[in-house]
$ cat work32.cif   # mmCIF, C-alpha atoms
data_entry
loop_
_atom_site.label_atom_id
_atom_site.label_comp_id
_atom_site.auth_asym_id
_atom_site.auth_seq_id
_atom_site.Cartn_x
_atom_site.Cartn_y
_atom_site.Cartn_z
CA MET Z 1 0.00 0.00 0.00
CA SER Z 2 2.86 2.41 0.70
CA ARG Z 3 4.55 2.06 -2.71
CA PRO Z 4 1.90 3.96 -4.79
CA ARG Z 5 2.01 6.86 -2.34
CA LYS Z 6 5.81 7.01 -2.58
CA VAL Z 7 5.68 7.02 -6.38
CA SER Z 8 3.04 9.78 -6.39
CA ARG Z 9 5.21 11.94 -4.13
CA CYS Z 10 8.23 11.46 -6.38
CA LEU Z 11 6.36 12.24 -9.60
CA PRO Z 12 6.46 16.08 -9.29
CA ASP Z 13 10.20 15.92 -8.57
CA MET Z 14 10.80 13.71 -11.59
CA LEU Z 15 8.78 16.01 -13.86
CA ALA Z 16 10.66 19.06 -12.57
CA GLU Z 17 13.99 17.40 -13.28
CA LEU Z 18 12.88 16.58 -16.83
CA VAL Z 19 11.83 20.17 -17.46
CA MET Z 20 15.14 21.51 -16.21
CA ALA Z 21 17.12 19.05 -18.28
CA SER Z 22 16.69 21.37 -21.27
CA GLY Z 23 18.58 24.65 -21.41
CA LEU Z 24 15.37 26.61 -21.92
CA GLY Z 25 13.69 24.85 -19.01
CA TYR Z 26 16.72 25.53 -16.82
CA LEU Z 27 16.65 29.28 -17.52
CA ALA Z 28 12.88 29.46 -17.20
CA SER Z 29 13.04 27.72 -13.83
CA ALA Z 30 15.81 30.07 -12.64
CA TYR Z 31 13.78 33.09 -13.76
CA THR Z 32 10.69 31.82 -11.96
CA ALA Z 33 12.68 31.25 -8.76
CA SER Z 34 14.25 34.72 -9.03
CA ARG Z 35 10.82 36.32 -9.43
CA TRP Z 36 9.61 34.48 -6.33
CA LEU Z 37 12.61 35.61 -4.28
CA THR Z 38 12.14 39.27 -5.20
CA LYS Z 39 8.35 39.38 -5.46
CA PRO Z 40 6.35 42.09 -3.68
CA THR Z 41 4.49 41.21 -0.49
CA PRO Z 42 1.52 43.57 -0.39
CA ARG Z 43 -0.63 43.09 2.69
CA ARG Z 44 -2.59 45.46 4.87
CA PRO Z 45 -1.66 45.02 8.56
CA VAL Z 46 -4.27 42.92 10.34
CA LYS Z 47 -3.37 44.30 13.77
CA THR Z 48 -2.55 47.89 14.62
CA PRO Z 49 -1.17 49.62 17.72
CA PHE Z 50 -4.78 49.93 18.92
CA ASP Z 51 -4.66 46.18 19.58
CA TYR Z 52 -1.90 46.95 22.09
CA ASN Z 53 -3.85 49.86 23.64
CA LEU Z 54 -1.59 52.38 21.90
CA PHE Z 55 -2.78 55.50 20.11
CA TYR Z 56 -1.12 56.17 16.78
CA GLU Z 57 -1.26 58.28 13.65
CA ASN Z 58 -0.92 57.07 10.10
CA ALA Z 59 2.04 58.58 8.28
CA GLU Z 60 3.41 58.73 4.76
CA CYS Z 61 6.71 59.63 3.17
CA VAL Z 62 8.22 59.51 -0.31
CA THR Z 63 11.68 58.13 -1.11
CA SER Z 64 14.27 59.79 -3.34
CA ASP Z 65 13.28 57.43 -6.18
CA GLY Z 66 9.56 58.06 -5.84
CA GLU Z 67 8.26 55.14 -3.76
CA HIS Z 68 5.41 55.99 -1.38
CA LEU Z 69 5.79 54.46 2.06
CA ALA Z 70 2.96 53.85 4.54
CA GLY Z 71 3.64 53.89 8.25
CA TRP Z 72 2.66 54.55 11.84
CA VAL Z 73 3.85 57.03 14.43
CA ILE Z 74 3.21 56.00 18.05
CA SER Z 75 3.92 58.78 20.54
CA PRO Z 76 3.67 58.33 24.33
CA ALA Z 77 2.55 61.29 26.42
CA ARG Z 78 6.10 62.48 27.16
CA PRO Z 79 8.43 60.99 24.53
CA ILE Z 80 12.11 60.84 25.38
CA GLY Z 81 13.21 60.44 21.77
CA THR Z 82 12.43 58.74 18.48
CA LEU Z 83 13.09 55.11 17.60
CA ILE Z 84 12.78 54.11 13.92
CA LEU Z 85 11.88 50.42 13.44
CA CYS Z 86 12.46 48.52 10.16
CA HIS Z 87 10.84 45.15 9.46
CA GLY Z 88 12.16 42.05 7.70
CA VAL Z 89 11.53 40.57 4.26
CA ARG Z 90 8.05 39.15 3.55
CA HIS Z 91 6.69 41.13 6.52
CA ASN Z 92 5.35 44.63 7.13
CA ARG Z 93 5.21 47.03 10.07
CA GLU Z 94 2.83 44.66 11.88
CA GLN Z 95 5.87 42.44 12.58
CA LEU Z 96 7.18 45.16 14.90
CA LEU Z 97 4.11 45.64 17.09
CA GLY Z 98 5.50 43.68 20.06
CA ARG Z 99 8.66 45.77 20.03
CA ILE Z 100 6.66 48.96 19.57
CA ALA Z 101 4.58 48.14 22.65
CA LEU Z 102 7.76 47.55 24.66
CA PHE Z 103 9.51 50.75 23.62
CA ALA Z 104 6.40 52.95 23.81
CA LYS Z 105 5.87 51.72 27.37
CA HIS Z 106 9.33 53.03 28.23
CA GLY Z 107 8.75 56.43 26.67
CA TYR Z 108 10.02 56.03 23.12
CA ARG Z 109 8.24 57.55 20.16
CA CYS Z 110 8.13 54.70 17.63
CA VAL Z 111 8.13 55.23 13.87
CA ALA Z 112 7.50 52.15 11.71
CA PHE Z 113 6.95 52.08 7.94
CA ASP Z 114 6.39 49.33 5.40
CA HIS Z 115 9.43 48.96 3.14
CA ARG Z 116 8.97 49.23 -0.62
CA ALA Z 117 7.12 46.29 -2.17
CA HIS Z 118 5.82 45.31 1.27
CA GLY Z 119 2.63 45.98 3.18
CA GLU Z 120 0.86 49.13 1.96
CA SER Z 121 3.90 50.78 0.38
CA THR Z 122 4.49 50.97 -3.37
CA GLY Z 123 7.22 49.05 -5.20
CA LYS Z 124 7.56 46.14 -7.62
CA ARG Z 125 10.26 44.02 -5.98
CA THR Z 126 12.43 43.62 -2.92
CA THR Z 127 16.23 44.00 -3.04
CA PHE Z 128 17.00 42.43 0.38
CA GLY Z 129 17.80 45.81 1.96
CA TYR Z 130 19.86 47.46 -0.79
CA LEU Z 131 17.31 49.82 -2.32
CA GLU Z 132 15.37 49.68 0.92
CA SER Z 133 18.20 51.87 2.23
CA ARG Z 134 16.42 54.70 0.38
CA ASP Z 135 13.35 53.96 2.47
CA VAL Z 136 15.50 54.29 5.58
CA ALA Z 137 16.92 57.62 4.37
CA ALA Z 138 13.41 59.02 3.81
CA ILE Z 139 12.19 57.89 7.23
CA VAL Z 140 15.27 59.25 9.02
CA GLU Z 141 14.76 62.60 7.29
CA LEU Z 142 11.11 62.66 8.30
CA ALA Z 143 12.08 62.06 11.93
CA ARG Z 144 14.77 64.74 11.76
CA GLN Z 145 12.35 67.31 10.41
CA ARG Z 146 9.49 66.53 12.79
CA TRP Z 147 11.47 66.10 16.02
CA PRO Z 148 14.81 67.87 15.47
CA ASP Z 149 15.61 68.50 19.12
CA GLN Z 150 15.30 64.96 20.47
CA PRO Z 151 17.69 62.00 20.11
CA ARG Z 152 17.01 59.49 17.36
CA ALA Z 153 17.96 55.82 17.03
CA ALA Z 154 16.95 52.91 14.79
CA LEU Z 155 16.28 49.19 15.10
CA GLY Z 156 16.16 46.85 12.12
CA VAL Z 157 15.18 43.19 11.80
CA SER Z 158 16.86 41.00 9.15
CA MET Z 159 16.34 42.87 5.84
CA GLY Z 160 15.53 46.01 7.82
CA ALA Z 161 18.84 45.72 9.65
CA ALA Z 162 20.68 45.28 6.34
CA ALA Z 163 18.94 48.39 5.01
CA LEU Z 164 20.25 50.37 8.00
CA CYS Z 165 23.78 49.25 7.10
CA TYR Z 166 23.37 50.18 3.43
CA ALA Z 167 22.04 53.60 4.50
CA ALA Z 168 25.17 54.33 6.53
CA GLU Z 169 25.50 57.84 5.11
CA CYS Z 170 22.44 58.91 7.11
CA THR Z 171 22.23 56.28 9.87
CA ARG Z 172 25.75 56.99 11.11
CA ARG Z 173 24.34 60.30 12.33
CA LEU Z 174 21.84 58.55 14.59
CA GLN Z 175 22.63 58.18 18.27
CA ALA Z 176 22.44 54.35 18.23
CA LEU Z 177 21.63 51.36 16.01
CA VAL Z 178 20.22 47.96 16.94
CA LEU Z 179 20.75 45.32 14.23
CA GLU Z 180 18.77 42.11 14.70
CA SER Z 181 19.40 38.91 12.74
CA VAL Z 182 21.25 40.65 9.92
CA TYR Z 183 22.79 38.43 7.25
CA HIS Z 184 26.56 38.54 6.66
CA ASP Z 185 26.23 38.62 2.86
CA ILE Z 186 23.37 37.72 0.54
CA ARG Z 187 25.19 34.91 -1.26
CA SER Z 188 25.84 33.02 1.98
CA ALA Z 189 22.27 33.65 3.15
CA PHE Z 190 20.92 32.48 -0.19
CA PHE Z 191 22.93 29.24 -0.25
CA THR Z 192 21.95 28.49 3.34
CA ARG Z 193 18.28 28.74 2.43
CA MET Z 194 18.75 26.69 -0.73
CA ALA Z 195 20.14 23.78 1.32
CA ALA Z 196 16.64 23.06 2.58
CA TYR Z 197 15.23 22.58 -0.93
CA PRO Z 198 15.24 19.40 -3.09
CA SER Z 199 18.42 18.66 -5.01
CA TYR Z 200 16.92 19.60 -8.38
CA ILE Z 201 16.20 23.10 -7.02
CA ARG Z 202 19.71 23.46 -5.61
CA THR Z 203 21.16 22.90 -9.09
CA LEU Z 204 19.66 26.27 -9.99
CA ASP Z 205 21.57 28.29 -7.39
CA GLN Z 206 24.13 29.93 -9.70
CA ALA Z 207 21.55 30.53 -12.43
CA ILE Z 208 19.15 32.15 -9.95
CA LEU Z 209 21.90 34.49 -8.76
CA TRP Z 210 22.79 35.36 -12.37
CA VAL Z 211 19.17 36.08 -13.31
CA THR Z 212 18.50 38.04 -10.12
CA GLU Z 213 21.48 40.32 -10.69
CA ARG Z 214 20.18 41.25 -14.12
CA ARG Z 215 16.60 41.72 -12.95
CA LEU Z 216 17.63 44.00 -10.08
CA GLY Z 217 20.36 45.80 -12.01
CA LEU Z 218 23.01 45.28 -9.34
CA ARG Z 219 25.75 42.86 -8.41
CA LEU Z 220 24.83 40.62 -5.49
CA ALA Z 221 28.37 41.15 -4.22
CA GLN Z 222 27.04 44.60 -3.27
CA LEU Z 223 24.58 42.97 -0.87
CA CYS Z 224 27.09 42.46 1.89
CA PRO Z 225 26.29 44.16 5.23
CA VAL Z 226 29.65 43.05 6.66
CA GLU Z 227 31.30 45.46 4.19
CA TYR Z 228 29.04 48.35 5.22
CA VAL Z 229 28.84 48.03 8.99
CA GLY Z 230 32.33 49.52 9.28
CA THR Z 231 31.15 52.66 7.47
CA LEU Z 232 28.80 53.45 10.34
CA GLY Z 233 31.78 55.23 11.90
CA SER Z 234 31.37 56.09 15.55
CA ALA Z 235 27.67 55.20 15.71
CA PRO Z 236 27.12 52.78 18.64
CA VAL Z 237 25.87 49.40 17.41
CA LEU Z 238 24.16 46.51 19.19
CA LEU Z 239 24.13 43.26 17.21
CA LEU Z 240 21.65 40.52 18.13
CA THR Z 241 21.01 37.07 16.75
CA GLY Z 242 19.64 33.72 17.83
CA ALA Z 243 21.92 30.88 18.92
CA GLN Z 244 20.00 28.61 16.52
CA ASP Z 245 19.81 31.08 13.62
CA LEU Z 246 20.95 29.38 10.41
CA HIS Z 247 20.62 32.51 8.28
CA ALA Z 248 22.36 35.04 10.53
CA THR Z 249 24.57 32.70 12.51
CA PRO Z 250 26.37 33.71 15.70
CA GLU Z 251 29.67 33.23 13.82
CA ASP Z 252 28.59 35.65 11.11
CA THR Z 253 27.34 38.11 13.71
CA TYR Z 254 30.72 38.10 15.45
CA GLN Z 255 32.34 38.95 12.10
CA LEU Z 256 30.01 41.94 11.80
CA TYR Z 257 30.86 42.88 15.38
CA GLU Z 258 34.57 42.88 14.59
CA ARG Z 259 34.01 45.28 11.67
CA CYS Z 260 32.22 47.91 13.77
CA ARG Z 261 34.42 50.94 14.42
CA GLY Z 262 32.46 52.67 17.18
CA PRO Z 263 31.08 51.46 20.51
CA ARG Z 264 29.63 48.00 19.97
CA GLU Z 265 27.86 45.26 21.84
CA ILE Z 266 26.70 41.78 20.87
CA LEU Z 267 23.97 39.53 22.22
CA VAL Z 268 23.25 35.93 21.21
CA ILE Z 269 19.80 34.86 22.42
CA PRO Z 270 19.80 31.22 23.66
CA ASN Z 271 17.39 28.88 21.84
CA ALA Z 272 16.29 31.57 19.37
CA ALA Z 273 16.22 31.05 15.60
CA HIS Z 274 16.01 33.62 12.80
CA GLY Z 275 12.61 35.12 13.39
CA ASP Z 276 12.05 35.00 17.14
CA VAL Z 277 14.87 36.75 19.02
CA PHE Z 278 12.37 39.22 20.52
CA GLU Z 279 9.82 36.61 21.57
CA THR Z 280 12.36 34.05 22.79
CA GLY Z 281 14.68 36.62 24.34
CA GLY Z 282 11.96 38.00 26.58
CA ARG Z 283 13.38 39.74 29.64
CA LEU Z 284 16.98 39.33 28.44
CA TYR Z 285 16.13 41.13 25.19
CA GLU Z 286 14.34 43.93 27.02
CA GLU Z 287 17.13 44.56 29.51
CA ARG Z 288 19.95 44.53 26.98
CA VAL Z 289 18.28 46.61 24.27
CA LEU Z 290 16.78 49.19 26.64
CA GLY Z 291 20.07 49.41 28.52
CA PHE Z 292 22.02 49.90 25.30
CA LEU Z 293 19.73 52.72 24.16
CA GLU Z 294 19.91 54.49 27.51
CA ARG Z 295 23.72 54.28 27.58
CA HIS Z 296 24.43 55.32 24.02
CA ALA Z 297 21.47 57.26 22.62
CA CYS Z 298 21.01 59.80 25.41
CA PHE Z 299 17.49 58.47 25.96
CA SER Z 300 16.68 59.40 29.52
CA ARG Z 301 13.52 59.92 31.56
CA ASN Z 302 14.95 63.34 32.45
CA SER Z 303 14.93 64.42 28.79
CA ALA Z 304 11.22 63.82 28.33
CA ALA Z 305 9.53 66.66 26.46
#

$ encode --input "work32.cif" --output "structure tokens"
Amino acid sequence: MSRPRKVSRCLPDMLAELVMASGLGYLASAYTASRWLTKPTPRRPVKTPFDYNLFYENAECVTSDGEHLAGWVISPARPIGTLILCHGVRHNREQLLGRIALFAKHGYRCVAFDHRAHGESTGKRTTFGYLESRDVAAIVELARQRWPDQPRAALGVSMGAAALCYAAECTRRLQALVLESVYHDIRSAFFTRMAAYPSYIRTLDQAILWVTERRLGLRLAQLCPVEYVGTLGSAPVLLLTGAQDLHATPEDTYQLYERCRGPREILVIPNAAHGDVFETGGRLYEERVLGFLERHACFSRNSAA
């Protein structure tokens, strides 16, 4: 009885291998995979800060290349400064609500936008943080114009953290940066993810990279946060990752740490994987991140407006 089921499960794999056996099928499969990797993820947030008993205002800003970004501003009664939060790939600002609730409780004004091609923002494709750096620049400028006399810091998750690195020209002027689960370089992150796929998919890896470079109009060698984190200059940086993270490994995070030129700290959350350092870290996360911001970003209860 088990043999027919085994054959039926193998049939799609066999058909896929036959399709890719031709040169045309190989390129078509690589193109399809590239489109999936860079596809937009439009989705209206299901939850809002109201679900966390937080008042907020909707906000908009426009990037230097014309993308329209949708976001939230959450301001406590007496904000002690502004914290910009940047979400990860395939997510939107809703991913950050738990963090927003934490920081708003401690007096931080939180600013969170959907990156291009995500959530309610415009855009046709994601670039894993590279062009999203223009989103960061627009959001940082909005915060500078609206609250010029208060300290400003930023926190990014995965792609959002990479975007903060690529936007070093403006983010190095912030008082502090928190980089969560940031990949070392996109090629390593890509090959790590590909290892989980069937062997016939893994044969496409080089072709997918080749096609993706031409579709995005950039060399994937440019997508390398480890080469940018050193350009943050004297900006204090806190690097976090999960001990079980296969995409932003502790080893890779220590390499990023070594490249930082200013004050730097590192935290590896026990038992956490790529997407749950906040949830798994719990009290440890709260104490270390809040402590880092208070030490380096001049966020203080005494500076409340």

$ closest_atom_pairs --input "work32.cif" --of "segment 104-147 of chain Z" --to "segment 210-228 of chain Z" --cutoff "12 Å" --atoms "all atoms listed in the file" --output "CSV"
residue,atom,partner,partner_atom,distance
Z:Lys124,CA,Z:Leu216,CA,10.6
Z:Arg125,CA,Z:Leu216,CA,8.4
Z:Thr126,CA,Z:Leu216,CA,8.9
Z:Thr127,CA,Z:Leu216,CA,7.2
Z:Phe128,CA,Z:Leu223,CA,7.7
Z:Gly129,CA,Z:Leu223,CA,7.9
Z:Tyr130,CA,Z:Leu223,CA,6.5
Z:Leu131,CA,Z:Leu216,CA,9.7
Z:Glu132,CA,Z:Leu223,CA,11.5
Z:Ser133,CA,Z:Leu223,CA,11.4

$ resolve_selection --input "work32.cif" --expression "the PyMOL selection byres ((chain Z and resi 169) around 12)" --output "PDB file with C-alpha atoms, in the frame of the given file"
ATOM      1  CA  SER Z 133      18.200  51.870   2.230  1.00  0.00           C
ATOM      2  CA  ARG Z 134      16.420  54.700   0.380  1.00  0.00           C
ATOM      3  CA  VAL Z 136      15.500  54.290   5.580  1.00  0.00           C
ATOM      4  CA  ALA Z 137      16.920  57.620   4.370  1.00  0.00           C
ATOM      5  CA  VAL Z 140      15.270  59.250   9.020  1.00  0.00           C
ATOM      6  CA  GLU Z 141      14.760  62.600   7.290  1.00  0.00           C
ATOM      7  CA  ALA Z 163      18.940  48.390   5.010  1.00  0.00           C
ATOM      8  CA  LEU Z 164      20.250  50.370   8.000  1.00  0.00           C
ATOM      9  CA  CYS Z 165      23.780  49.250   7.100  1.00  0.00           C
ATOM     10  CA  TYR Z 166      23.370  50.180   3.430  1.00  0.00           C
ATOM     11  CA  ALA Z 167      22.040  53.600   4.500  1.00  0.00           C
ATOM     12  CA  ALA Z 168      25.170  54.330   6.530  1.00  0.00           C
ATOM     13  CA  CYS Z 170      22.440  58.910   7.110  1.00  0.00           C
ATOM     14  CA  THR Z 171      22.230  56.280   9.870  1.00  0.00           C
ATOM     15  CA  ARG Z 172      25.750  56.990  11.110  1.00  0.00           C
ATOM     16  CA  ARG Z 173      24.340  60.300  12.330  1.00  0.00           C
ATOM     17  CA  LEU Z 174      21.840  58.550  14.590  1.00  0.00           C
ATOM     18  CA  TYR Z 228      29.040  48.350   5.220  1.00  0.00           C
ATOM     19  CA  VAL Z 229      28.840  48.030   8.990  1.00  0.00           C
ATOM     20  CA  GLY Z 230      32.330  49.520   9.280  1.00  0.00           C
ATOM     21  CA  THR Z 231      31.150  52.660   7.470  1.00  0.00           C
ATOM     22  CA  LEU Z 232      28.800  53.450  10.340  1.00  0.00           C
ATOM     23  CA  GLY Z 233      31.780  55.230  11.900  1.00  0.00           C
ATOM     24  CA  ALA Z 235      27.670  55.200  15.710  1.00  0.00           C
TER      25      ALA Z 235
END

$ atom_distance --input "work32.cif" --atom1 "atom CA of Ala207 of chain Z" --atom2 "atom CA of Asp185 of chain Z"
17.9 Å

$ resolve_selection --input "work32.cif" --expression "the PyMOL selection byres ((chain Z and resi 42-45) around 9)" --output "JSON, numbers by chain"
{"Z": [40, 41, 46, 47, 48, 90, 91, 92, 93, 94, 95, 117, 118, 119, 120, 121, 122]}

$ closest_residue --input "work32.cif" --among "Z:Ile269, Z:Leu142, Z:Ala101, Z:Leu284" --to "Val62 of chain Z" --atoms "only C-alpha atoms"
Z:Leu142

$ atom_distance --input "work32.cif" --atom1 "atom CA of Asp114 of chain Z" --atom2 "atom CA of Cys86 of chain Z"
7.8 Å

$ atom_distance --input "work32.cif" --atom1 "atom CA of His184 of chain Z" --atom2 "atom CA of Leu83 of chain Z"
24.0 Å

$ closest_residue --input "work32.cif" --among "Z:Tyr52, Z:Trp147, Z:Tyr254, Z:Phe299" --to "Gly98 of chain Z" --atoms "all atoms listed in the file"
Z:Tyr52

$ residues_around --input "work32.cif" --residues "Asp252 of chain Z" --least-positions-apart "2" --cutoff "12 Å" --atoms "only C-alpha atoms" --output "JSON, numbers by chain"
{"Z": [181, 182, 183, 184, 185, 186, 188, 189, 224, 225, 226, 239, 240, 241, 242, 243, 245, 246, 247, 248, 249, 250, 254, 255, 256, 257, 258, 259, 266, 268]}

$ residues_near_point --input "work32.cif" --point "(21.6, 45.4, 16.3)" --cutoff "6 Å" --atoms "all atoms listed in the file" --output "VMD selection string"
chain Z and resid 177 to 180 237 to 240

$ residues_near_point --input "work32.cif" --point "(17.0, 56.2, 15.4)" --cutoff "7 Å" --atoms "all atoms listed in the file" --output "ChimeraX atom specification"
/Z:82-84,152-154,174-177

$ residues_around --input "work32.cif" --residues "Ile80 of chain Z" --least-positions-apart "2" --cutoff "12 Å" --atoms "all atoms listed in the file" --output "ChimeraX atom specification"
/Z:75-78,82-83,103-110,147,149-153,293-294,297-305

$ resolve_selection --input "work32.cif" --expression "the PyMOL selection byres ((chain Z and resi 33) around 10)" --output "list of chain:residue names"
Z:Leu27, Z:Ala28, Z:Ser29, Z:Ala30, Z:Tyr31, Z:Thr32, Z:Ser34, Z:Arg35, Z:Trp36, Z:Leu37, Z:Thr38, Z:Lys39, Z:Ile201, Z:Leu204, Z:Asp205, Z:Ala207, Z:Ile208, Z:Leu209, Z:Val211, Z:Thr212

$ write_last_selection --input "work32.cif" --atoms "C-alpha atoms" --output "compact mmCIF listing (two decimals), in the frame of the given file"
# COMPACT_ATOMS: atom_id res chain seq x y z
CA LEU Z 27 16.65 29.28 -17.52
CA ALA Z 28 12.88 29.46 -17.20
CA SER Z 29 13.04 27.72 -13.83
CA ALA Z 30 15.81 30.07 -12.64
CA TYR Z 31 13.78 33.09 -13.76
CA THR Z 32 10.69 31.82 -11.96
CA SER Z 34 14.25 34.72 -9.03
CA ARG Z 35 10.82 36.32 -9.43
CA TRP Z 36 9.61 34.48 -6.33
CA LEU Z 37 12.61 35.61 -4.28
CA THR Z 38 12.14 39.27 -5.20
CA LYS Z 39 8.35 39.38 -5.46
CA ILE Z 201 16.20 23.10 -7.02
CA LEU Z 204 19.66 26.27 -9.99
CA ASP Z 205 21.57 28.29 -7.39
CA ALA Z 207 21.55 30.53 -12.43
CA ILE Z 208 19.15 32.15 -9.95
CA LEU Z 209 21.90 34.49 -8.76
CA VAL Z 211 19.17 36.08 -13.31
CA THR Z 212 18.50 38.04 -10.12

$ closest_residue --input "work32.cif" --among "Z:Phe278, Z:Tyr26, Z:Tyr56, Z:Phe113" --to "Arg99 of chain Z" --atoms "only C-alpha atoms"
Z:Phe278
